[in-house]
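Participant: For reference, this is input.txt, and it has compact mmCIF, C-alpha atoms.
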```txt
# COMPACT_ATOMS: atom_id res chain seq x y z
CA MET A 1162 101.80 -22.40 -93.95
CA LYS A 1163 100.20 -22.16 -97.39
CA GLY A 1164 96.71 -23.27 -98.33
CA THR A 1165 93.52 -23.76 -96.33
CA SER A 1166 93.22 -25.84 -93.17
CA ILE A 1167 90.06 -26.74 -91.27
CA LEU A 1168 90.47 -27.64 -87.60
CA LEU A 1169 87.78 -29.31 -85.46
CA ASP A 1170 88.42 -29.09 -81.73
CA THR A 1171 86.99 -27.57 -78.55
CA VAL A 1172 87.44 -24.24 -76.75
CA ARG A 1173 86.81 -24.22 -72.99
CA GLY A 1174 84.73 -27.36 -73.34
CA ARG A 1175 82.67 -26.02 -76.23
CA GLU A 1176 82.64 -27.56 -79.70
CA ALA A 1177 84.59 -25.32 -82.08
CA ALA A 1178 85.80 -25.14 -85.68
CA ALA A 1179 88.46 -22.89 -87.21
CA LYS A 1180 89.48 -22.18 -90.78
CA LEU A 1181 93.03 -21.07 -91.48
CA VAL A 1182 94.03 -19.53 -94.82
CA ASN A 1183 97.79 -19.33 -95.35
CA GLY A 1184 98.28 -19.60 -91.60
CA GLN A 1185 95.87 -16.75 -90.77
CA LEU A 1186 92.61 -17.33 -88.91
CA ASP A 1187 89.86 -16.67 -91.48
CA ASP A 1188 86.75 -17.94 -89.66
CA LEU A 1189 85.87 -19.25 -86.23
CA LEU A 1190 82.78 -21.07 -84.96
CA ILE A 1191 82.22 -21.80 -81.26
CA ASP A 1192 79.09 -23.41 -79.84
CA THR A 1193 76.86 -21.40 -77.51
CA ASP A 1194 74.09 -22.14 -75.03
CA SER A 1195 71.41 -20.41 -77.13
CA PRO A 1196 69.27 -22.19 -79.76
CA ARG A 1197 71.28 -22.81 -82.90
CA PRO A 1198 70.37 -20.97 -86.12
CA GLY A 1199 68.72 -23.42 -88.51
CA SER A 1200 66.80 -25.16 -85.71
CA ILE A 1201 63.18 -25.85 -86.64
CA TYR A 1202 60.38 -25.70 -84.07
CA ARG A 1203 56.73 -26.51 -84.02
CA ALA A 1204 55.80 -23.36 -82.14
CA ILE A 1205 52.53 -22.11 -80.69
CA ALA A 1206 51.28 -18.59 -81.42
CA ASP A 1207 51.10 -16.74 -78.10
CA ARG A 1208 50.32 -13.02 -78.32
CA PRO A 1209 50.48 -10.39 -81.06
CA VAL A 1210 52.57 -7.23 -80.79
CA LYS A 1211 50.40 -4.30 -81.80
CA GLY A 1212 52.07 -1.71 -83.98
CA GLN A 1213 54.93 -4.01 -85.00
CA GLY A 1214 53.01 -6.56 -87.06
CA GLY A 1215 54.63 -9.43 -85.18
CA MET A 1216 53.75 -12.14 -82.70
CA PHE A 1217 55.44 -13.86 -79.79
CA LEU A 1218 55.51 -17.65 -80.02
CA ARG A 1219 56.02 -20.40 -77.45
CA THR A 1220 58.84 -22.88 -78.06
CA PRO A 1221 60.49 -25.51 -75.83
CA ASP A 1222 63.48 -23.16 -75.53
CA GLY A 1223 61.57 -20.03 -74.55
CA SER A 1224 59.79 -17.18 -76.29
CA ALA A 1225 60.34 -16.55 -80.01
CA PHE A 1226 59.38 -13.55 -82.12
CA LEU A 1227 57.93 -13.74 -85.65
CA ARG A 1228 57.67 -10.64 -87.83
CA GLN A 1229 55.03 -9.82 -90.46
CA VAL A 1230 52.26 -12.03 -89.15
CA LYS A 1231 48.96 -12.22 -91.05
CA GLY A 1232 45.96 -14.33 -90.14
CA LEU A 1233 47.68 -16.10 -87.24
CA LYS A 1234 45.62 -16.53 -84.08
CA PRO A 1235 46.88 -17.22 -80.54
CA GLY A 1236 47.00 -20.95 -79.83
CA GLU A 1237 47.67 -22.00 -83.42
CA PRO A 1238 50.70 -24.22 -84.12
CA LEU A 1239 53.13 -23.36 -86.90
CA LEU A 1240 56.57 -24.40 -88.16
CA VAL A 1241 59.35 -21.83 -87.77
CA MET A 1242 63.13 -21.77 -88.17
CA VAL A 1243 65.66 -19.91 -86.01
CA THR A 1244 67.36 -17.20 -88.08
CA GLY A 1245 69.98 -15.97 -85.62
CA HIS A 1246 71.05 -15.81 -82.00
CA ALA A 1247 68.81 -13.99 -79.56
CA GLU A 1248 70.28 -10.95 -77.85
CA PRO A 1249 70.31 -11.09 -74.03
CA GLY A 1250 66.79 -10.64 -72.68
CA LYS A 1251 65.16 -10.83 -76.12
CA ALA A 1252 63.08 -13.48 -77.88
CA ILE A 1253 64.53 -15.98 -80.36
CA PRO A 1254 64.27 -14.56 -83.93
CA VAL A 1255 62.40 -16.96 -86.22
CA THR A 1256 60.87 -17.14 -89.69
CA THR A 1257 58.24 -19.31 -91.38
CA ARG A 1258 60.50 -19.61 -94.45
CA LEU A 1259 62.06 -22.97 -93.75
CA LEU A 1260 65.26 -24.20 -95.39
CA PHE A 1261 66.66 -27.72 -95.21
CA LYS A 1262 70.33 -27.16 -95.92
CA SER A 1263 73.28 -29.46 -96.31
CA ARG A 1264 76.68 -29.32 -98.00
CA TYR A 1265 75.40 -29.90 -101.53
CA ALA A 1266 71.65 -29.30 -101.44
CA ILE A 1267 69.01 -26.97 -100.03
CA VAL A 1268 65.32 -27.91 -100.07
CA THR A 1269 63.12 -24.81 -100.24
CA PRO A 1270 59.44 -25.29 -99.25
CA GLY A 1271 57.21 -22.84 -101.07
CA ALA A 1272 59.78 -22.14 -103.81
CA PRO A 1273 59.45 -24.90 -106.43
CA GLY A 1274 61.97 -25.68 -109.17
CA ILE A 1275 65.47 -27.09 -109.45
CA ASN A 1276 68.18 -24.44 -109.46
CA ILE A 1277 71.94 -24.87 -109.78
CA SER A 1278 74.39 -22.37 -108.30
CA ARG A 1279 75.26 -19.60 -110.73
CA SER A 1280 78.91 -19.97 -109.81
CA ILE A 1281 78.93 -23.23 -111.80
CA LYS A 1282 79.40 -22.00 -115.38
CA ASP A 1283 80.23 -25.20 -117.27
CA ASP A 1284 77.10 -26.32 -119.18
CA ASP A 1285 78.12 -29.97 -119.29
CA LEU A 1286 78.70 -30.01 -115.55
CA ARG A 1287 75.36 -28.31 -114.93
CA ASP A 1288 73.63 -30.97 -117.04
CA GLU A 1289 75.42 -33.71 -115.11
CA ILE A 1290 74.38 -32.23 -111.75
CA ASN A 1291 70.81 -31.88 -113.00
CA VAL A 1292 70.71 -35.58 -113.92
CA ILE A 1293 72.06 -36.55 -110.48
CA ALA A 1294 69.38 -34.43 -108.82
CA ARG A 1295 66.48 -35.84 -110.84
CA GLU A 1296 67.58 -39.41 -110.22
CA ALA A 1297 67.85 -38.73 -106.48
CA LEU A 1298 64.42 -37.08 -106.41
CA ALA A 1299 62.94 -40.14 -108.10
CA GLU A 1300 63.95 -42.03 -104.95
CA ALA A 1301 62.88 -39.30 -102.50
CA PRO A 1302 60.42 -36.84 -104.13
CA LEU A 1303 60.28 -33.27 -102.88
CA PRO A 1304 57.29 -32.26 -100.75
CA GLU A 1305 54.53 -30.61 -102.76
CA GLY A 1306 55.41 -27.01 -103.63
CA ALA A 1307 59.05 -27.37 -102.58
CA GLY A 1308 62.15 -26.73 -104.69
CA LEU A 1309 65.79 -27.70 -104.69
CA ILE A 1310 68.98 -25.63 -104.87
CA LEU A 1311 72.24 -27.37 -105.81
CA ARG A 1312 75.02 -25.47 -104.08
CA SER A 1313 78.41 -24.46 -105.47
CA ALA A 1314 80.05 -27.36 -103.59
CA THR A 1315 78.47 -29.77 -106.11
CA ARG A 1316 81.12 -28.56 -108.59
CA ASP A 1317 83.72 -30.76 -106.92
CA GLY A 1318 81.43 -33.22 -105.15
CA ASN A 1319 81.20 -36.96 -105.67
CA ALA A 1320 77.99 -38.00 -107.51
CA ASP A 1321 77.02 -40.50 -104.80
CA ASP A 1322 77.58 -37.93 -102.03
CA ILE A 1323 75.48 -35.33 -103.85
CA ALA A 1324 72.66 -37.82 -104.41
CA GLU A 1325 72.80 -38.91 -100.76
CA ASP A 1326 72.55 -35.29 -99.63
CA ILE A 1327 69.54 -34.62 -101.85
CA VAL A 1328 67.72 -37.74 -100.64
CA ALA A 1329 68.45 -36.89 -97.00
CA MET A 1330 67.25 -33.28 -97.26
CA SER A 1331 64.14 -34.16 -99.28
CA SER A 1332 63.19 -36.91 -96.83
CA LEU A 1333 63.79 -34.62 -93.83
CA ALA A 1334 61.69 -31.85 -95.36
CA ALA A 1335 58.81 -34.24 -96.04
CA GLN A 1336 58.95 -35.56 -92.49
CA VAL A 1337 59.04 -32.12 -90.84
CA LEU A 1338 56.37 -30.52 -93.03
CA ALA A 1339 54.01 -33.38 -92.17
CA ASP A 1340 54.52 -32.75 -88.45
CA GLY A 1341 52.91 -29.33 -88.13
CA THR A 1342 50.28 -30.09 -85.48
CA GLY A 1343 50.68 -30.70 -81.77
CA GLU A 1344 52.37 -29.04 -78.82
CA ALA A 1345 55.50 -26.90 -79.02
CA ASP A 1346 58.50 -29.07 -79.90
CA LEU A 1347 62.02 -28.99 -81.36
CA LEU A 1348 61.81 -30.90 -84.65
CA VAL A 1349 65.29 -30.27 -86.07
CA GLU A 1350 68.31 -28.98 -84.19
CA GLY A 1351 70.55 -26.63 -86.16
CA PRO A 1352 74.12 -27.73 -86.90
CA GLY A 1353 76.90 -27.13 -84.38
CA PRO A 1354 80.32 -25.75 -85.33
CA HIS A 1355 81.61 -29.07 -86.70
CA GLY A 1356 78.46 -29.57 -88.77
CA LEU A 1357 78.55 -25.98 -90.01
CA ALA A 1358 82.19 -26.33 -91.02
CA TRP A 1359 81.30 -29.37 -93.15
CA GLN A 1360 78.23 -27.61 -94.54
CA GLU A 1361 79.69 -24.19 -95.36
CA TRP A 1362 83.48 -24.54 -95.78
CA SER A 1363 83.45 -26.52 -99.00
CA GLU A 1364 86.75 -25.40 -100.53
CA GLU A 1365 89.64 -27.85 -100.81
CA ALA A 1366 91.40 -27.94 -97.45
CA ASP A 1367 93.52 -30.01 -95.10
CA LEU A 1368 91.40 -31.38 -92.25
CA ASP A 1369 92.68 -31.83 -88.69
CA THR A 1370 90.22 -33.38 -86.23
CA SER A 1371 92.78 -34.37 -83.61
CA GLU A 1372 92.36 -33.29 -80.01
CA GLY A 1373 94.56 -30.25 -79.39
CA SER A 1374 94.61 -29.17 -83.05
CA PHE A 1375 93.85 -25.56 -82.01
CA ALA A 1376 96.90 -25.46 -79.76
CA HIS A 1377 99.09 -27.18 -82.37
CA HIS A 1378 98.20 -24.55 -84.99
CA SER A 1379 98.34 -21.62 -82.49
CA VAL A 1380 94.59 -20.95 -82.85
CA ASP A 1381 94.32 -20.56 -79.06
CA ASP A 1382 96.75 -17.62 -79.26
CA MET A 1383 94.78 -16.11 -82.14
CA ILE A 1384 91.57 -16.34 -80.09
CA ASP A 1385 93.29 -14.60 -77.18
CA ALA A 1386 94.27 -11.75 -79.53
CA LEU A 1387 90.63 -11.39 -80.63
CA GLN A 1388 89.61 -10.66 -77.06
CA ARG A 1389 91.73 -7.49 -77.06
CA PRO A 1390 90.34 -4.30 -78.65
CA ASP A 1391 93.54 -3.30 -80.48
CA VAL A 1392 94.52 -4.60 -83.91
CA VAL A 1393 97.94 -3.87 -85.42
CA LEU A 1394 97.73 -3.00 -89.13
CA PRO A 1395 100.34 -3.41 -91.87
CA GLY A 1396 102.34 -0.20 -92.34
CA GLY A 1397 102.40 0.75 -88.66
CA GLY A 1398 98.77 1.87 -88.19
CA SER A 1399 96.27 0.37 -85.78
CA MET A 1400 92.57 0.21 -85.02
CA TRP A 1401 90.56 -0.29 -81.86
CA ILE A 1402 87.31 -2.28 -82.01
CA GLU A 1403 85.10 -1.62 -79.00
CA PRO A 1404 81.51 -2.91 -78.71
CA THR A 1405 79.08 -0.86 -76.61
CA ARG A 1406 75.48 -1.60 -75.71
CA ALA A 1407 74.19 0.47 -78.64
CA LEU A 1408 76.84 0.02 -81.36
CA VAL A 1409 80.34 -1.10 -82.28
CA ALA A 1410 82.92 1.70 -82.46
CA VAL A 1411 86.04 1.31 -84.60
CA ASP A 1412 88.81 3.90 -84.26
CA ILE A 1413 91.55 3.90 -86.94
CA ASN A 1414 94.93 5.49 -86.22
CA THR A 1415 98.01 6.19 -88.33
CA GLY A 1416 100.54 5.32 -85.65
CA GLY A 1417 104.01 6.80 -86.15
CA ASP A 1418 103.58 7.47 -89.88
CA THR A 1419 103.62 11.24 -90.51
CA SER A 1420 103.67 11.18 -94.33
CA PRO A 1421 100.93 13.04 -96.26
CA ALA A 1422 99.32 9.74 -97.29
CA ALA A 1423 99.43 8.22 -93.78
CA GLY A 1424 95.69 8.59 -93.17
CA LEU A 1425 94.68 6.96 -96.43
CA LYS A 1426 97.14 4.09 -95.98
CA ALA A 1427 95.89 3.37 -92.47
CA ASN A 1428 92.25 3.53 -93.59
CA LEU A 1429 92.80 1.17 -96.53
CA ALA A 1430 94.66 -1.32 -94.33
CA ALA A 1431 91.85 -1.19 -91.75
CA LEU A 1432 89.04 -1.52 -94.29
CA LYS A 1433 90.72 -4.58 -95.78
CA GLU A 1434 90.91 -6.16 -92.33
CA ILE A 1435 87.53 -5.11 -90.86
CA PRO A 1436 85.31 -7.84 -92.46
CA ARG A 1437 87.56 -10.56 -91.03
CA GLN A 1438 87.72 -8.94 -87.58
CA LEU A 1439 83.93 -8.50 -87.37
CA ARG A 1440 83.39 -12.09 -88.50
CA LEU A 1441 85.86 -13.57 -86.02
CA ARG A 1442 84.65 -11.43 -83.11
CA GLY A 1443 80.99 -12.21 -83.92
CA LEU A 1444 80.01 -8.53 -83.99
CA GLY A 1445 76.91 -7.13 -85.66
CA GLY A 1446 74.31 -4.37 -85.44
CA GLN A 1447 75.24 -0.72 -86.03
CA ILE A 1448 78.97 -0.19 -86.63
CA LEU A 1449 80.65 3.23 -86.82
CA LEU A 1450 84.13 3.65 -88.28
CA ASP A 1451 86.11 6.71 -87.18
CA MET A 1452 88.62 7.08 -90.02
CA ALA A 1453 92.12 8.45 -89.83
CA PRO A 1454 92.25 11.95 -91.38
CA CYS A 1455 92.20 11.98 -95.19
CA ALA A 1456 90.62 13.95 -98.03
CA LYS A 1457 86.94 13.50 -98.93
CA LYS A 1458 87.95 12.62 -102.49
CA GLU A 1459 89.43 9.36 -101.13
CA ARG A 1460 86.08 8.12 -99.87
CA ARG A 1461 85.11 6.37 -103.10
CA GLN A 1462 88.31 4.33 -103.07
CA MET A 1463 87.75 3.37 -99.44
CA GLU A 1464 84.13 2.38 -100.09
CA SER A 1465 85.10 0.20 -103.06
CA LEU A 1466 87.71 -1.66 -101.02
CA LEU A 1467 85.30 -2.31 -98.15
CA ARG A 1468 82.45 -3.40 -100.43
CA ALA A 1469 84.77 -5.90 -102.13
CA GLY A 1470 85.66 -7.40 -98.75
CA LEU A 1471 82.06 -7.50 -97.53
CA LYS A 1472 80.93 -9.19 -100.74
CA LYS A 1473 83.08 -12.21 -99.85
CA ASP A 1474 81.87 -12.25 -96.25
CA SER A 1475 79.29 -14.81 -95.11
CA VAL A 1476 77.40 -12.31 -92.92
CA GLU A 1477 75.16 -9.75 -94.63
CA THR A 1478 76.47 -6.21 -94.11
CA ILE A 1479 75.18 -2.96 -95.57
CA LEU A 1480 77.43 0.06 -96.09
CA ALA A 1481 74.93 2.76 -95.12
CA GLY A 1482 77.16 5.73 -95.95
CA TRP A 1483 78.80 8.61 -94.10
CA THR A 1484 77.52 10.68 -91.19
CA GLN A 1485 77.83 14.47 -91.08
CA LEU A 1486 80.79 14.06 -88.75
CA GLY A 1487 82.64 11.95 -91.30
CA LEU A 1488 82.04 8.52 -89.75
CA MET A 1489 81.42 5.55 -92.02
CA GLU A 1490 78.28 3.67 -90.96
CA LEU A 1491 77.63 -0.06 -91.43
CA GLN A 1492 74.61 -2.19 -90.57
CA ARG A 1493 75.52 -5.84 -90.02
CA LYS A 1494 73.20 -8.77 -89.38
CA ARG A 1495 73.46 -10.16 -85.85
CA GLU A 1496 74.14 -13.69 -87.02
CA ARG A 1497 76.59 -14.73 -84.30
CA VAL A 1498 76.99 -14.38 -80.57
CA PRO A 1499 79.87 -11.99 -79.80
CA LEU A 1500 83.06 -13.88 -78.98
CA SER A 1501 83.38 -11.91 -75.73
CA GLU A 1502 80.03 -13.36 -74.55
CA VAL A 1503 80.76 -16.91 -75.73
CA LEU A 1504 84.02 -17.02 -73.77
CA LYS A 1505 82.84 -15.31 -70.57
```
Please re-express this file's structure in structure tokens.
Facilitator:
Amino acid sequence: MKGTSILLDTVRGREAAAKLVNGQLDDLLIDTDSPRPGSIYRAIADRPVKGQGGMFLRTPDGSAFLRQVKGLKPGEPLLVMVTGHAEPGKAIPVTTRLLFKSRYAIVTPGAPGINISRSIKDDDLRDEINVIAREALAEAPLPEGAGLILRSATRDGNADDIAEDIVAMSSLAAQVLADGTGEADLLVEGPGPHGLAWQEWSEEADLDTSEGSFAHHSVDDMIDALQRPDVVLPGGGSMWIEPTRALVAVDINTGGDTSPAAGLKANLAALKEIPRQLRLRGLGGQILLDMAPCAKKERRQMESLLRAGLKKDSVETILAGWTQLGLMELQRKRERVPLSEVLK
């Protein structure tokens, strides 16, 4: 099946969204029991953490942790946003840098100005989007000191839809920023998988919201495959992806190929596939890649291929380099709950 398809369904009773590109699963979102990233709390400062420059906060959903705290005293209320999923037994990660994000617009408190996505190159289109934004802001002005980002989706968006998004986000920001005093409370709940799919997957796509769409498009089978450690690679190689408590280990093998270039071919096939596998499996933290045997001179080619794939990925990942034992080391933001934990 050619093209992009977006499917909205459920998995084991949980809201879920899947994106297929040419019949291959490209992204997968499944709801969890933990607070959703993007949720905004009015939290209460609880106790500082000496030596780490942070503070624990009280929220309606449990303890949260805020880094780089200055001048905040226990008992004070403040507005914070959830930045990721909490690891088991740890506090919810939050920040004071709030964002009010939708499909077309992002309101940025503390960062004034109107900015249009750099991916939109056409000057006439940029001018048109700017006019739409200013007319919408005349109806719903931004909070003092706040700015507006017009996302890349505005390139193909309807003018009325863009204006509606801007008005909604500006109004929401004004309402939340004016509600900074009082007891701990959830002010805005972050989007679930269906909302995130609408917000982030803005490319042209076929949409299937029917019950059982995952089964109809074989997504259920693809999810089952993601729960196994082994991944078959083009050319006969394979890799094993195995999370441990401390890190994620990836072992790349050549399979039955005994040609001189077997190691390089297996490594290139694995590096092309790794960003997608990490995204779908929800894996982050420290990741070590044990490459199939190949010459050191091939490392630059392998790094370039992986960096190109990571650049397109939605989750921030840093290629830290090579260890003395020849392992490639990555550091990936823990933005999602591992699929193995979601589907326990």
Participant: Contacts of segment 1269-1280 of chain A at 7 Å or less, counting all atoms listed in the file, minus same-chain residues fewer than 3 places along, as a PyMOL selection string?
Facilitator: chain A and resi 1259-1261+1306-1313
Participant: Just to confirm, what's the straight-line distance from atom CA of Gln1388 of chain A to atom CA of Val1255 of chain A in Å (one decimal)?
Facilitator: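 We find that atom CA of Gln1388 of chain A and atom CA of Val1255 of chain A lie 29.4 Å from each other.
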Participant: Counting all atoms listed in the file, select every polymer residue within 6 Å of (95.9, 0.0, -87.7) as defined in the file's coordinates, and provide the selection as a PyMOL selection string.
Facilitator: chain A and resi 1393-1394+1398-1400+1413-1414+1427+1431
Participant: May I have the residues within 12 Å of Gln1336 of chain A as an MDAnalysis selection string, using all atoms listed in the file and disregarding those fewer than 4 positions away in the same chain?
Facilitator: chainID A and resid 1261 1301:1304 1329:1332 1340:1341 1348:1349
Participant: One decimal, in Å: what's the spacing between atom CA of Gly1199 of chain A and atom CA of Phe1217 of chain A?
Facilitator: 18.5 Å
Participant: A:Gly1443, A:Pro1209, A:Ala1422, A:Ser1263: which is nearest Ala1334 of chain A, counting only C-alpha atoms?
Facilitator: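 Comparing A:Gly1443, A:Pro1209, A:Ala1422, A:Ser1263 against Ala1334 of chain A, the winner is A:Ser1263.
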Participant: Choose the residue, out of A:Arg1175, A:Ser1363, A:Leu1189, A:Ala1324, that has the smallest atom-to-atom separation from Val1380 of chain A; count only C-alpha atoms.
Facilitator: A:Leu1189
Participant: Do a neighbour search on Val1411 of chain A at 8 Å with all atoms listed in the file, toss out local chain neighbours closer than 5 positions, and write the hits as JSON, numbers by chain.
Facilitator: {"A": [1400, 1401, 1402, 1403, 1448, 1449, 1450, 1451]}
Participant: Taking (51.8, -15.5, -82.5) in the coordinates of the supplied file, I want to know which residues reach to within 12 Å of it, counting all atoms listed in the file; could you give the answer as a PyMOL selection string?
Facilitator: chain A and resi 1204-1211+1214-1220+1224-1241+1255-1257
Participant: Within 9 Å of Ile1323 of chain A, counting only C-alpha atoms, which residues show up once you throw out same-chain ones fewer than 3 positions away? Write them as a CSV table (one decimal) with C-alpha atoms, in the coordinates of the input, please.
Facilitator:
```
chain,number,residue,atom,x,y,z
A,1264,ARG,CA,76.7,-29.3,-98.0
A,1265,TYR,CA,75.4,-29.9,-101.5
A,1266,ALA,CA,71.6,-29.3,-101.4
A,1290,ILE,CA,74.4,-32.2,-111.8
A,1293,ILE,CA,72.1,-36.6,-110.5
A,1294,ALA,CA,69.4,-34.4,-108.8
A,1297,ALA,CA,67.8,-38.7,-106.5
A,1311,LEU,CA,72.2,-27.4,-105.8
A,1315,THR,CA,78.5,-29.8,-106.1
A,1318,GLY,CA,81.4,-33.2,-105.2
A,1319,ASN,CA,81.2,-37.0,-105.7
A,1320,ALA,CA,78.0,-38.0,-107.5
A,1326,ASP,CA,72.6,-35.3,-99.6
A,1327,ILE,CA,69.5,-34.6,-101.8
A,1328,VAL,CA,67.7,-37.7,-100.6
```
Participant: Using atom CA of Leu1181 of chain A and atom CA of Asp1385 of chain A as the two end points, give the distance in Å to one decimal.
Facilitator: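 It comes out at 15.7 Å.
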Participant: Mind checking which residues fall within 9 Å of Leu1357 of chain A, counting all atoms listed in the file, ignoring those fewer than 3 positions away in the same chain, and posting them as a list in words?
Facilitator: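 Using all atoms listed in the file, the neighbours found are Ala1178, Leu1190, Ser1263, Arg1264, Gly1351, Pro1352, Gly1353, Pro1354, Gln1360, Glu1361 and Trp1362 of chain A.
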Participant: Compare A:Pro1254, A:Lys1262, A:His1355, A:Ser1195 by their minimum atom-to-atom distance to Ile1167 of chain A, counting only C-alpha atoms, and give me the closest one.
Facilitator: A:His1355
Participant: Using only C-alpha atoms, which residue out of A:Asp1170, A:Asp1288, A:Asp1187, A:Asp1194 lies closest to Glu1502 of chain A?
Facilitator: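 Ranking A:Asp1170, A:Asp1288, A:Asp1187, A:Asp1194 by distance to Glu1502 of chain A, first place goes to A:Asp1194.
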Participant: Between A:Ser1374, A:Thr1342, A:Gln1438, A:Ser1420, which one has atoms that come closest to Leu1387 of chain A, using all atoms listed in the file?
Facilitator: A:Gln1438
Participant: Would you give the centre and edge lengths, in Å to one decimal, of a box along x, y and z around the listed atoms of segment 1423-1442 of chain A, with 3 Å added to each side, as lines of an AutoDock Vina configuration file?
Facilitator:
```
center_x = 91.4
center_y = -2.5
center_z = -89.8
size_x = 22.0
size_y = 28.2
size_z = 19.4
```
Participant: For each of A:Glu1434, A:Glu1300, A:Glu1176, A:Glu1305, take the minimum atom-to-atom distance to Pro1395 of chain A, counting all atoms listed in the file, then give the residue where this is smallest.
Facilitator: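 Result for the nearest residue to Pro1395 of chain A: A:Glu1434.
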Participant: Would you mind writing segment 1340-1352 of chain A with N, CA, C and O atoms, as a CSV table (one decimal), in the frame of the given file?
Facilitator:
```csv
chain,number,residue,atom,x,y,z
A,1340,ASP,N,54.6,-32.7,-89.9
A,1340,ASP,CA,54.5,-32.8,-88.4
A,1340,ASP,C,54.2,-31.4,-87.9
A,1340,ASP,O,54.8,-30.9,-86.9
A,1341,GLY,N,53.2,-30.7,-88.5
A,1341,GLY,CA,52.9,-29.3,-88.1
A,1341,GLY,C,51.9,-29.2,-87.0
A,1341,GLY,O,51.6,-28.0,-86.7
A,1342,THR,N,51.3,-30.2,-86.5
A,1342,THR,CA,50.3,-30.1,-85.5
A,1342,THR,C,50.8,-30.7,-84.2
A,1342,THR,O,51.5,-31.7,-84.2
A,1343,GLY,N,50.3,-30.2,-83.1
A,1343,GLY,CA,50.7,-30.7,-81.8
A,1343,GLY,C,51.2,-29.6,-80.9
A,1343,GLY,O,51.2,-28.4,-81.2
A,1344,GLU,N,51.8,-30.0,-79.8
A,1344,GLU,CA,52.4,-29.0,-78.8
A,1344,GLU,C,53.7,-28.5,-79.3
A,1344,GLU,O,54.3,-29.1,-80.3
A,1345,ALA,N,54.2,-27.5,-78.7
A,1345,ALA,CA,55.5,-26.9,-79.0
A,1345,ALA,C,56.6,-28.0,-78.9
A,1345,ALA,O,56.7,-28.7,-77.9
A,1346,ASP,N,57.5,-28.0,-79.9
A,1346,ASP,CA,58.5,-29.1,-79.9
A,1346,ASP,C,59.7,-28.7,-80.8
A,1346,ASP,O,59.5,-27.9,-81.8
A,1347,LEU,N,60.8,-29.2,-80.5
A,1347,LEU,CA,62.0,-29.0,-81.4
A,1347,LEU,C,62.0,-30.1,-82.3
A,1347,LEU,O,62.2,-31.3,-82.0
A,1348,LEU,N,61.9,-29.9,-83.6
A,1348,LEU,CA,61.8,-30.9,-84.6
A,1348,LEU,C,63.2,-31.2,-85.3
A,1348,LEU,O,63.5,-32.3,-85.6
A,1349,VAL,N,64.0,-30.1,-85.5
A,1349,VAL,CA,65.3,-30.3,-86.1
A,1349,VAL,C,66.2,-29.3,-85.3
A,1349,VAL,O,65.9,-28.1,-85.2
A,1350,GLU,N,67.3,-29.8,-84.8
A,1350,GLU,CA,68.3,-29.0,-84.2
A,1350,GLU,C,69.3,-28.5,-85.2
A,1350,GLU,O,69.8,-29.3,-86.1
A,1351,GLY,N,69.6,-27.2,-85.2
A,1351,GLY,CA,70.6,-26.6,-86.2
A,1351,GLY,C,71.9,-27.2,-86.0
A,1351,GLY,O,72.3,-27.7,-84.9
A,1352,PRO,N,72.8,-27.1,-87.0
A,1352,PRO,CA,74.1,-27.7,-86.9
A,1352,PRO,C,75.0,-27.0,-85.9
A,1352,PRO,O,74.9,-25.8,-85.8
```
